[in-house]
file protein-v4.cif (mmCIF, C-alpha atoms; chains and numbers go by the auth columns)
data_model
loop_
_atom_site.group_PDB
_atom_site.id
_atom_site.type_symbol
_atom_site.label_atom_id
_atom_site.label_comp_id
_atom_site.label_asym_id
_atom_site.label_seq_id
_atom_site.Cartn_x
_atom_site.Cartn_y
_atom_site.Cartn_z
_atom_site.B_iso_or_equiv
_atom_site.auth_seq_id
_atom_site.auth_asym_id
ATOM 1 C CA MET A 1 38.601 -32.549 38.733 0.00 1 A
ATOM 2 C CA LEU A 2 41.153 -32.018 35.935 0.00 2 A
ATOM 3 C CA ASN A 3 43.903 -30.864 38.296 0.00 3 A
ATOM 4 C CA GLU A 4 43.085 -33.722 40.656 0.00 4 A
ATOM 5 C CA VAL A 5 43.501 -36.306 37.884 0.00 5 A
ATOM 6 C CA VAL A 6 46.866 -34.973 36.645 0.00 6 A
ATOM 7 C CA GLY A 7 48.089 -34.518 40.229 0.00 7 A
ATOM 8 C CA ASN A 8 47.215 -38.120 40.987 0.00 8 A
ATOM 9 C CA VAL A 9 49.300 -39.344 38.041 0.00 9 A
ATOM 10 C CA LEU A 10 52.250 -37.264 39.280 0.00 10 A
ATOM 11 C CA ARG A 11 51.936 -38.870 42.722 0.00 11 A
ATOM 12 C CA GLN A 12 51.460 -42.411 41.381 0.00 12 A
ATOM 13 C CA VAL A 13 54.439 -42.486 39.025 0.00 13 A
ATOM 14 C CA GLU A 14 57.907 -42.672 40.507 0.00 14 A
ATOM 15 C CA GLY A 15 60.223 -40.256 38.731 0.00 15 A
ATOM 16 C CA ALA A 16 57.438 -38.134 37.211 0.00 16 A
ATOM 17 C CA THR A 17 58.459 -34.482 37.104 0.00 17 A
ATOM 18 C CA CYS A 18 55.544 -33.013 35.137 0.00 18 A
ATOM 19 C CA VAL A 19 52.088 -34.265 34.184 0.00 19 A
ATOM 20 C CA LEU A 20 49.690 -32.166 32.186 0.00 20 A
ATOM 21 C CA LEU A 21 46.514 -32.105 30.195 0.00 21 A
ATOM 22 C CA ALA A 22 46.783 -30.007 27.058 0.00 22 A
ATOM 23 C CA GLY A 23 44.657 -29.159 24.093 0.00 23 A
ATOM 24 C CA ALA A 24 45.802 -30.503 20.747 0.00 24 A
ATOM 25 C CA ASP A 25 46.973 -26.938 20.088 0.00 25 A
ATOM 26 C CA GLY A 26 49.490 -27.218 22.955 0.00 26 A
ATOM 27 C CA VAL A 27 47.664 -24.991 25.446 0.00 27 A
ATOM 28 C CA VAL A 28 47.823 -26.304 29.038 0.00 28 A
ATOM 29 C CA VAL A 29 44.436 -27.054 30.574 0.00 29 A
ATOM 30 C CA ALA A 30 45.683 -28.592 33.857 0.00 30 A
ATOM 31 C CA SER A 31 49.124 -29.440 35.219 0.00 31 A
ATOM 32 C CA ALA A 32 51.070 -30.791 38.169 0.00 32 A
ATOM 33 C CA VAL A 33 54.823 -30.255 38.476 0.00 33 A
ATOM 34 C CA ALA A 34 57.333 -31.681 40.942 0.00 34 A
ATOM 35 C CA ALA A 35 60.018 -29.437 42.397 0.00 35 A
ATOM 36 C CA GLY A 36 62.531 -28.709 39.660 0.00 36 A
ATOM 37 C CA GLY A 37 60.241 -30.079 36.946 0.00 37 A
ATOM 38 C CA PRO A 38 60.005 -28.556 33.474 0.00 38 A
ATOM 39 C CA ALA A 39 57.688 -25.689 32.572 0.00 39 A
ATOM 40 C CA PRO A 40 54.311 -27.190 31.597 0.00 40 A
ATOM 41 C CA ASP A 41 53.588 -24.621 28.893 0.00 41 A
ATOM 42 C CA VAL A 42 56.849 -25.371 27.069 0.00 42 A
ATOM 43 C CA VAL A 43 56.365 -29.138 27.403 0.00 43 A
ATOM 44 C CA ALA A 44 52.770 -28.925 26.169 0.00 44 A
ATOM 45 C CA ALA A 45 53.524 -26.739 23.160 0.00 45 A
ATOM 46 C CA SER A 46 56.516 -28.808 22.066 0.00 46 A
ATOM 47 C CA LEU A 47 55.083 -32.274 22.571 0.00 47 A
ATOM 48 C CA ALA A 48 51.607 -31.473 21.211 0.00 48 A
ATOM 49 C CA ASP A 49 53.331 -30.313 18.036 0.00 49 A
ATOM 50 C CA LEU A 50 55.322 -33.552 17.935 0.00 50 A
ATOM 51 C CA PHE A 51 52.141 -35.596 18.445 0.00 51 A
ATOM 52 C CA ARG A 52 50.483 -33.757 15.522 0.00 52 A
ATOM 53 C CA ARG A 53 53.483 -34.636 13.349 0.00 53 A
ATOM 54 C CA VAL A 54 53.306 -38.288 14.395 0.00 54 A
ATOM 55 C CA ALA A 55 49.591 -38.276 13.529 0.00 55 A
ATOM 56 C CA ALA A 56 50.391 -36.830 10.100 0.00 56 A
ATOM 57 C CA ALA A 57 53.020 -39.529 9.545 0.00 57 A
ATOM 58 C CA HIS A 58 50.460 -42.184 10.486 0.00 58 A
ATOM 59 C CA ARG A 59 47.962 -40.721 8.001 0.00 59 A
ATOM 60 C CA ASP A 60 50.608 -40.576 5.269 0.00 60 A
ATOM 61 C CA ALA A 61 51.481 -44.209 5.904 0.00 61 A
ATOM 62 C CA GLY A 62 47.833 -45.277 5.842 0.00 62 A
ATOM 63 C CA LEU A 63 47.818 -46.149 9.549 0.00 63 A
ATOM 64 C CA LEU A 64 45.200 -45.448 12.175 0.00 64 A
ATOM 65 C CA PRO A 65 45.750 -42.288 14.244 0.00 65 A
ATOM 66 C CA PRO A 66 48.119 -42.761 17.174 0.00 66 A
ATOM 67 C CA VAL A 67 46.620 -42.973 20.649 0.00 67 A
ATOM 68 C CA GLU A 68 49.940 -43.085 22.473 0.00 68 A
ATOM 69 C CA PHE A 69 53.505 -41.958 21.879 0.00 69 A
ATOM 70 C CA THR A 70 56.692 -42.130 23.920 0.00 70 A
ATOM 71 C CA SER A 71 60.054 -40.510 23.395 0.00 71 A
ATOM 72 C CA GLY A 72 63.217 -40.404 25.367 0.00 72 A
ATOM 73 C CA GLY A 73 66.773 -39.403 25.480 0.00 73 A
ATOM 74 C CA GLY A 74 69.424 -39.647 28.088 0.00 74 A
ATOM 75 C CA ARG A 75 67.833 -39.491 31.496 0.00 75 A
ATOM 76 C CA GLU A 76 64.391 -38.151 30.625 0.00 76 A
ATOM 77 C CA GLN A 77 61.390 -39.667 28.907 0.00 77 A
ATOM 78 C CA ALA A 78 58.026 -38.347 27.782 0.00 78 A
ATOM 79 C CA ALA A 79 54.785 -40.259 27.354 0.00 79 A
ATOM 80 C CA LEU A 80 51.710 -38.885 25.596 0.00 80 A
ATOM 81 C CA VAL A 81 48.242 -40.398 25.525 0.00 81 A
ATOM 82 C CA SER A 82 45.328 -39.094 23.510 0.00 82 A
ATOM 83 C CA VAL A 83 42.268 -38.442 25.684 0.00 83 A
ATOM 84 C CA THR A 84 40.036 -37.246 22.841 0.00 84 A
ATOM 85 C CA ALA A 85 40.823 -35.825 19.412 0.00 85 A
ATOM 86 C CA GLN A 86 41.225 -32.423 21.101 0.00 86 A
ATOM 87 C CA TYR A 87 43.141 -33.327 24.313 0.00 87 A
ATOM 88 C CA LEU A 88 46.397 -35.031 25.293 0.00 88 A
ATOM 89 C CA LEU A 89 47.806 -36.202 28.595 0.00 89 A
ATOM 90 C CA VAL A 90 51.568 -35.808 28.874 0.00 90 A
ATOM 91 C CA ALA A 91 54.000 -37.053 31.509 0.00 91 A
ATOM 92 C CA VAL A 92 57.696 -36.246 31.744 0.00 92 A
ATOM 93 C CA LEU A 93 59.877 -38.673 33.700 0.00 93 A
ATOM 94 C CA HIS A 94 63.359 -38.607 35.072 0.00 94 A
ATOM 95 C CA GLY A 95 64.740 -42.055 34.288 0.00 95 A
ATOM 96 C CA ILE A 96 63.202 -44.918 32.331 0.00 96 A
ATOM 97 C CA GLY A 97 62.282 -47.365 35.082 0.00 97 A
ATOM 98 C CA GLY A 98 58.673 -46.190 35.369 0.00 98 A
ATOM 99 C CA LEU A 99 57.758 -45.828 31.709 0.00 99 A
ATOM 100 C CA GLY A 100 55.394 -48.826 31.690 0.00 100 A
ATOM 101 C CA ARG A 101 53.695 -47.671 34.874 0.00 101 A
ATOM 102 C CA THR A 102 53.446 -44.169 33.431 0.00 102 A
ATOM 103 C CA ARG A 103 51.695 -45.406 30.308 0.00 103 A
ATOM 104 C CA PHE A 104 49.280 -47.417 32.463 0.00 104 A
ATOM 105 C CA GLU A 105 48.484 -44.464 34.734 0.00 105 A
ATOM 106 C CA LEU A 106 48.023 -42.119 31.758 0.00 106 A
ATOM 107 C CA ARG A 107 45.586 -44.545 30.114 0.00 107 A
ATOM 108 C CA LYS A 108 43.611 -44.802 33.378 0.00 108 A
ATOM 109 C CA ALA A 109 43.552 -41.018 33.696 0.00 109 A
ATOM 110 C CA ALA A 110 42.499 -40.610 30.057 0.00 110 A
ATOM 111 C CA ALA A 111 39.559 -42.950 30.622 0.00 111 A
ATOM 112 C CA ALA A 112 38.528 -40.949 33.688 0.00 112 A
ATOM 113 C CA LEU A 113 38.736 -37.668 31.745 0.00 113 A
ATOM 114 C CA GLN A 114 36.911 -38.754 28.596 0.00 114 A
ATOM 115 C CA ALA A 115 33.457 -38.259 30.106 0.00 115 A
ATOM 116 C CA GLU A 116 34.460 -34.817 31.413 0.00 116 A
ATOM 117 C CA LEU A 117 36.006 -33.652 28.150 0.00 117 A
ATOM 118 C CA GLY A 118 33.725 -35.568 25.778 0.00 118 A
#

call {"tool": "encode", "arguments": {"input": "protein-v4.cif", "output": "structure tokens"}}
result
Amino acid sequence: MLNEVVGNVLRQVEGATCVLLAGADGVVVASAVAAGGPAPDVVAASLADLFRRVAAAHRDAGLLPPVEFTSGGGREQAALVSVTAQYLLVAVLHGIGGLGRTRFELRKAAAALQAELG
């Protein structure tokens, strides 16, 4: 089921090159990659670390923990959505046109995975 969910996000989002489910420690649990897409293990390790740092910044500022984070530069974007405290969904996109759709699809996928990952 996990691979099916991440594969569906990859198919639903125009410009998606990599979609993955990772533990908060950055270890890939499930992934789907388009031809020429980035290595899921590198994406997961790097962006899970970034998400932990964003969470720490939120705590330091007295804010609630983040449930979503996006970053971008040049022609590529990344969107992260917290599934549970231990799991993240990550999508890497070529271009910025589908960022809103990506966030929507990641939130739908996260809701579908919550019962499985509890």

call {"tool": "residues_around", "arguments": {"input": "protein-v4.cif", "residues": "stretch 28-32 of chain A", "least_positions_apart": "4", "cutoff": "12 Å", "atoms": "all atoms listed in the file", "output": "PyMOL selection string"}}
result
chain A and resi 1-11+16-24+36-48+86-92+113+117

call {"tool": "closest_residue", "arguments": {"input": "protein-v4.cif", "among": "A:Leu93, A:Leu50, A:Val33, A:Ala110", "to": "A:Gly73", "atoms": "all atoms listed in the file"}}
result
A:Leu93

call {"tool": "resolve_selection", "arguments": {"input": "protein-v4.cif", "expression": "the PyMOL selection byres ((chain A and resi 67) around 7)", "output": "number ranges by chain"}}
result
A: 65-66, 68, 81-82

call {"tool": "atom_distance", "arguments": {"input": "protein-v4.cif", "atom1": "atom CA of A:Arg107", "atom2": "atom CA of A:Gly15"}}
result
17.5 Å

call {"tool": "atom_distance", "arguments": {"input": "protein-v4.cif", "atom1": "atom CA of A:Glu14", "atom2": "atom CA of A:Val54"}}
result
26.9 Å

call {"tool": "closest_residue", "arguments": {"input": "protein-v4.cif", "among": "A:Ala79, A:Ala61, A:Ala111, A:Ala85", "to": "A:Val13", "atoms": "only C-alpha atoms"}}
result
A:Ala79

call {"tool": "closest_residue", "arguments": {"input": "protein-v4.cif", "among": "A:Gly118, A:Gly100, A:Gly95, A:Gly26", "to": "A:Phe51", "atoms": "all atoms listed in the file"}}
result
A:Gly26

call {"tool": "axis_aligned_box", "arguments": {"input": "protein-v4.cif", "around": "stretch 96-106 of chain A", "padding_each_side": "4 Å", "output": "lines of an AutoDock Vina configuration file"}}
result
center_x = 55.6
center_y = -45.5
center_z = 32.8
size_x = 23.2
size_y = 14.7
size_z = 13.1

call {"tool": "closest_residue", "arguments": {"input": "protein-v4.cif", "among": "A:Ala115, A:Ala57, A:Leu64, A:Leu106", "to": "A:Thr84", "atoms": "only C-alpha atoms"}}
result
A:Ala115

call {"tool": "decode", "arguments": {"input": "protein-v4.cif", "residues": "stretch 8-39 of chain A", "atoms": "N, CA and C atoms", "output": "PDB file, in the first residue's frame"}}
result
ATOM      1  N   ASN A   8       1.054   6.933  -6.715  1.00  0.00           N
ATOM      2  CA  ASN A   8      -0.112   7.682  -7.162  1.00  0.00           C
ATOM      3  C   ASN A   8       0.157   9.184  -7.137  1.00  0.00           C
ATOM      4  N   VAL A   9       0.833   9.667  -6.106  1.00  0.00           N
ATOM      5  CA  VAL A   9       1.171  11.095  -6.054  1.00  0.00           C
ATOM      6  C   VAL A   9       2.076  11.451  -7.229  1.00  0.00           C
ATOM      7  N   LEU A  10       3.059  10.615  -7.519  1.00  0.00           N
ATOM      8  CA  LEU A  10       3.959  10.877  -8.651  1.00  0.00           C
ATOM      9  C   LEU A  10       3.169  10.990  -9.948  1.00  0.00           C
ATOM     10  N   ARG A  11       2.189  10.115 -10.135  1.00  0.00           N
ATOM     11  CA  ARG A  11       1.380  10.139 -11.357  1.00  0.00           C
ATOM     12  C   ARG A  11       0.427  11.322 -11.406  1.00  0.00           C
ATOM     13  N   GLN A  12      -0.073  11.751 -10.250  1.00  0.00           N
ATOM     14  CA  GLN A  12      -1.075  12.822 -10.201  1.00  0.00           C
ATOM     15  C   GLN A  12      -0.497  14.222 -10.368  1.00  0.00           C
ATOM     16  N   VAL A  13       0.775  14.382 -10.051  1.00  0.00           N
ATOM     17  CA  VAL A  13       1.367  15.727 -10.023  1.00  0.00           C
ATOM     18  C   VAL A  13       2.267  15.940 -11.241  1.00  0.00           C
ATOM     19  N   GLU A  14       1.860  16.852 -12.074  1.00  0.00           N
ATOM     20  CA  GLU A  14       2.663  17.194 -13.252  1.00  0.00           C
ATOM     21  C   GLU A  14       3.988  17.796 -12.797  1.00  0.00           C
ATOM     22  N   GLY A  15       5.072  17.288 -13.347  1.00  0.00           N
ATOM     23  CA  GLY A  15       6.397  17.795 -13.014  1.00  0.00           C
ATOM     24  C   GLY A  15       7.056  17.102 -11.840  1.00  0.00           C
ATOM     25  N   ALA A  16       6.343  16.185 -11.160  1.00  0.00           N
ATOM     26  CA  ALA A  16       6.949  15.471 -10.036  1.00  0.00           C
ATOM     27  C   ALA A  16       8.038  14.538 -10.557  1.00  0.00           C
ATOM     28  N   THR A  17       9.191  14.578  -9.923  1.00  0.00           N
ATOM     29  CA  THR A  17      10.297  13.712 -10.328  1.00  0.00           C
ATOM     30  C   THR A  17      10.623  12.667  -9.275  1.00  0.00           C
ATOM     31  N   CYS A  18      10.182  12.897  -8.031  1.00  0.00           N
ATOM     32  CA  CYS A  18      10.443  11.952  -6.950  1.00  0.00           C
ATOM     33  C   CYS A  18       9.423  12.194  -5.843  1.00  0.00           C
ATOM     34  N   VAL A  19       8.803  11.121  -5.384  1.00  0.00           N
ATOM     35  CA  VAL A  19       7.891  11.192  -4.244  1.00  0.00           C
ATOM     36  C   VAL A  19       8.301  10.068  -3.308  1.00  0.00           C
ATOM     37  N   LEU A  20       8.380  10.375  -2.027  1.00  0.00           N
ATOM     38  CA  LEU A  20       8.811   9.334  -1.104  1.00  0.00           C
ATOM     39  C   LEU A  20       8.188   9.507   0.262  1.00  0.00           C
ATOM     40  N   LEU A  21       8.142   8.399   0.960  1.00  0.00           N
ATOM     41  CA  LEU A  21       7.763   8.360   2.361  1.00  0.00           C
ATOM     42  C   LEU A  21       9.030   8.018   3.120  1.00  0.00           C
ATOM     43  N   ALA A  22       9.351   8.827   4.107  1.00  0.00           N
ATOM     44  CA  ALA A  22      10.579   8.604   4.874  1.00  0.00           C
ATOM     45  C   ALA A  22      10.284   8.700   6.359  1.00  0.00           C
ATOM     46  N   GLY A  23      11.101   8.014   7.127  1.00  0.00           N
ATOM     47  CA  GLY A  23      11.051   8.184   8.566  1.00  0.00           C
ATOM     48  C   GLY A  23      11.624   9.547   8.913  1.00  0.00           C
ATOM     49  N   ALA A  24      11.323  10.022  10.099  1.00  0.00           N
ATOM     50  CA  ALA A  24      11.855  11.312  10.538  1.00  0.00           C
ATOM     51  C   ALA A  24      13.373  11.299  10.583  1.00  0.00           C
ATOM     52  N   ASP A  25      13.960  10.094  10.619  1.00  0.00           N
ATOM     53  CA  ASP A  25      15.415   9.958  10.603  1.00  0.00           C
ATOM     54  C   ASP A  25      16.001  10.028   9.195  1.00  0.00           C
ATOM     55  N   GLY A  26      15.148  10.155   8.168  1.00  0.00           N
ATOM     56  CA  GLY A  26      15.623  10.279   6.797  1.00  0.00           C
ATOM     57  C   GLY A  26      15.774   8.972   6.055  1.00  0.00           C
ATOM     58  N   VAL A  27      15.313   7.869   6.631  1.00  0.00           N
ATOM     59  CA  VAL A  27      15.396   6.570   5.967  1.00  0.00           C
ATOM     60  C   VAL A  27      14.155   6.380   5.095  1.00  0.00           C
ATOM     61  N   VAL A  28      14.349   6.032   3.826  1.00  0.00           N
ATOM     62  CA  VAL A  28      13.250   5.846   2.881  1.00  0.00           C
ATOM     63  C   VAL A  28      12.463   4.589   3.239  1.00  0.00           C
ATOM     64  N   VAL A  29      11.152   4.742   3.295  1.00  0.00           N
ATOM     65  CA  VAL A  29      10.246   3.629   3.557  1.00  0.00           C
ATOM     66  C   VAL A  29       9.610   3.172   2.246  1.00  0.00           C
ATOM     67  N   ALA A  30       9.243   4.131   1.389  1.00  0.00           N
ATOM     68  CA  ALA A  30       8.651   3.839   0.077  1.00  0.00           C
ATOM     69  C   ALA A  30       8.986   5.001  -0.845  1.00  0.00           C
ATOM     70  N   SER A  31       9.150   4.701  -2.142  1.00  0.00           N
ATOM     71  CA  SER A  31       9.478   5.782  -3.077  1.00  0.00           C
ATOM     72  C   SER A  31       9.004   5.459  -4.479  1.00  0.00           C
ATOM     73  N   ALA A  32       8.836   6.530  -5.257  1.00  0.00           N
ATOM     74  CA  ALA A  32       8.533   6.435  -6.683  1.00  0.00           C
ATOM     75  C   ALA A  32       9.333   7.548  -7.356  1.00  0.00           C
ATOM     76  N   VAL A  33      10.058   7.190  -8.417  1.00  0.00           N
ATOM     77  CA  VAL A  33      10.941   8.144  -9.080  1.00  0.00           C
ATOM     78  C   VAL A  33      10.704   8.111 -10.573  1.00  0.00           C
ATOM     79  N   ALA A  34      10.544   9.293 -11.172  1.00  0.00           N
ATOM     80  CA  ALA A  34      10.426   9.405 -12.624  1.00  0.00           C
ATOM     81  C   ALA A  34      11.811   9.248 -13.245  1.00  0.00           C
ATOM     82  N   ALA A  35      11.834   8.943 -14.518  1.00  0.00           N
ATOM     83  CA  ALA A  35      13.111   8.822 -15.234  1.00  0.00           C
ATOM     84  C   ALA A  35      13.913  10.106 -15.053  1.00  0.00           C
ATOM     85  N   GLY A  36      15.153   9.949 -14.632  1.00  0.00           N
ATOM     86  CA  GLY A  36      16.026  11.102 -14.428  1.00  0.00           C
ATOM     87  C   GLY A  36      15.809  11.823 -13.115  1.00  0.00           C
ATOM     88  N   GLY A  37      14.929  11.298 -12.263  1.00  0.00           N
ATOM     89  CA  GLY A  37      14.655  11.930 -10.975  1.00  0.00           C
ATOM     90  C   GLY A  37      15.803  11.740 -10.000  1.00  0.00           C
ATOM     91  N   PRO A  38      15.788  12.495  -8.914  1.00  0.00           N
ATOM     92  CA  PRO A  38      16.874  12.415  -7.930  1.00  0.00           C
ATOM     93  C   PRO A  38      16.818  11.124  -7.117  1.00  0.00           C
ATOM     94  N   ALA A  39      17.931  10.786  -6.509  1.00  0.00           N
ATOM     95  CA  ALA A  39      18.033   9.585  -5.683  1.00  0.00           C
ATOM     96  C   ALA A  39      17.203   9.765  -4.414  1.00  0.00           C
TER      97      ALA A  39
END
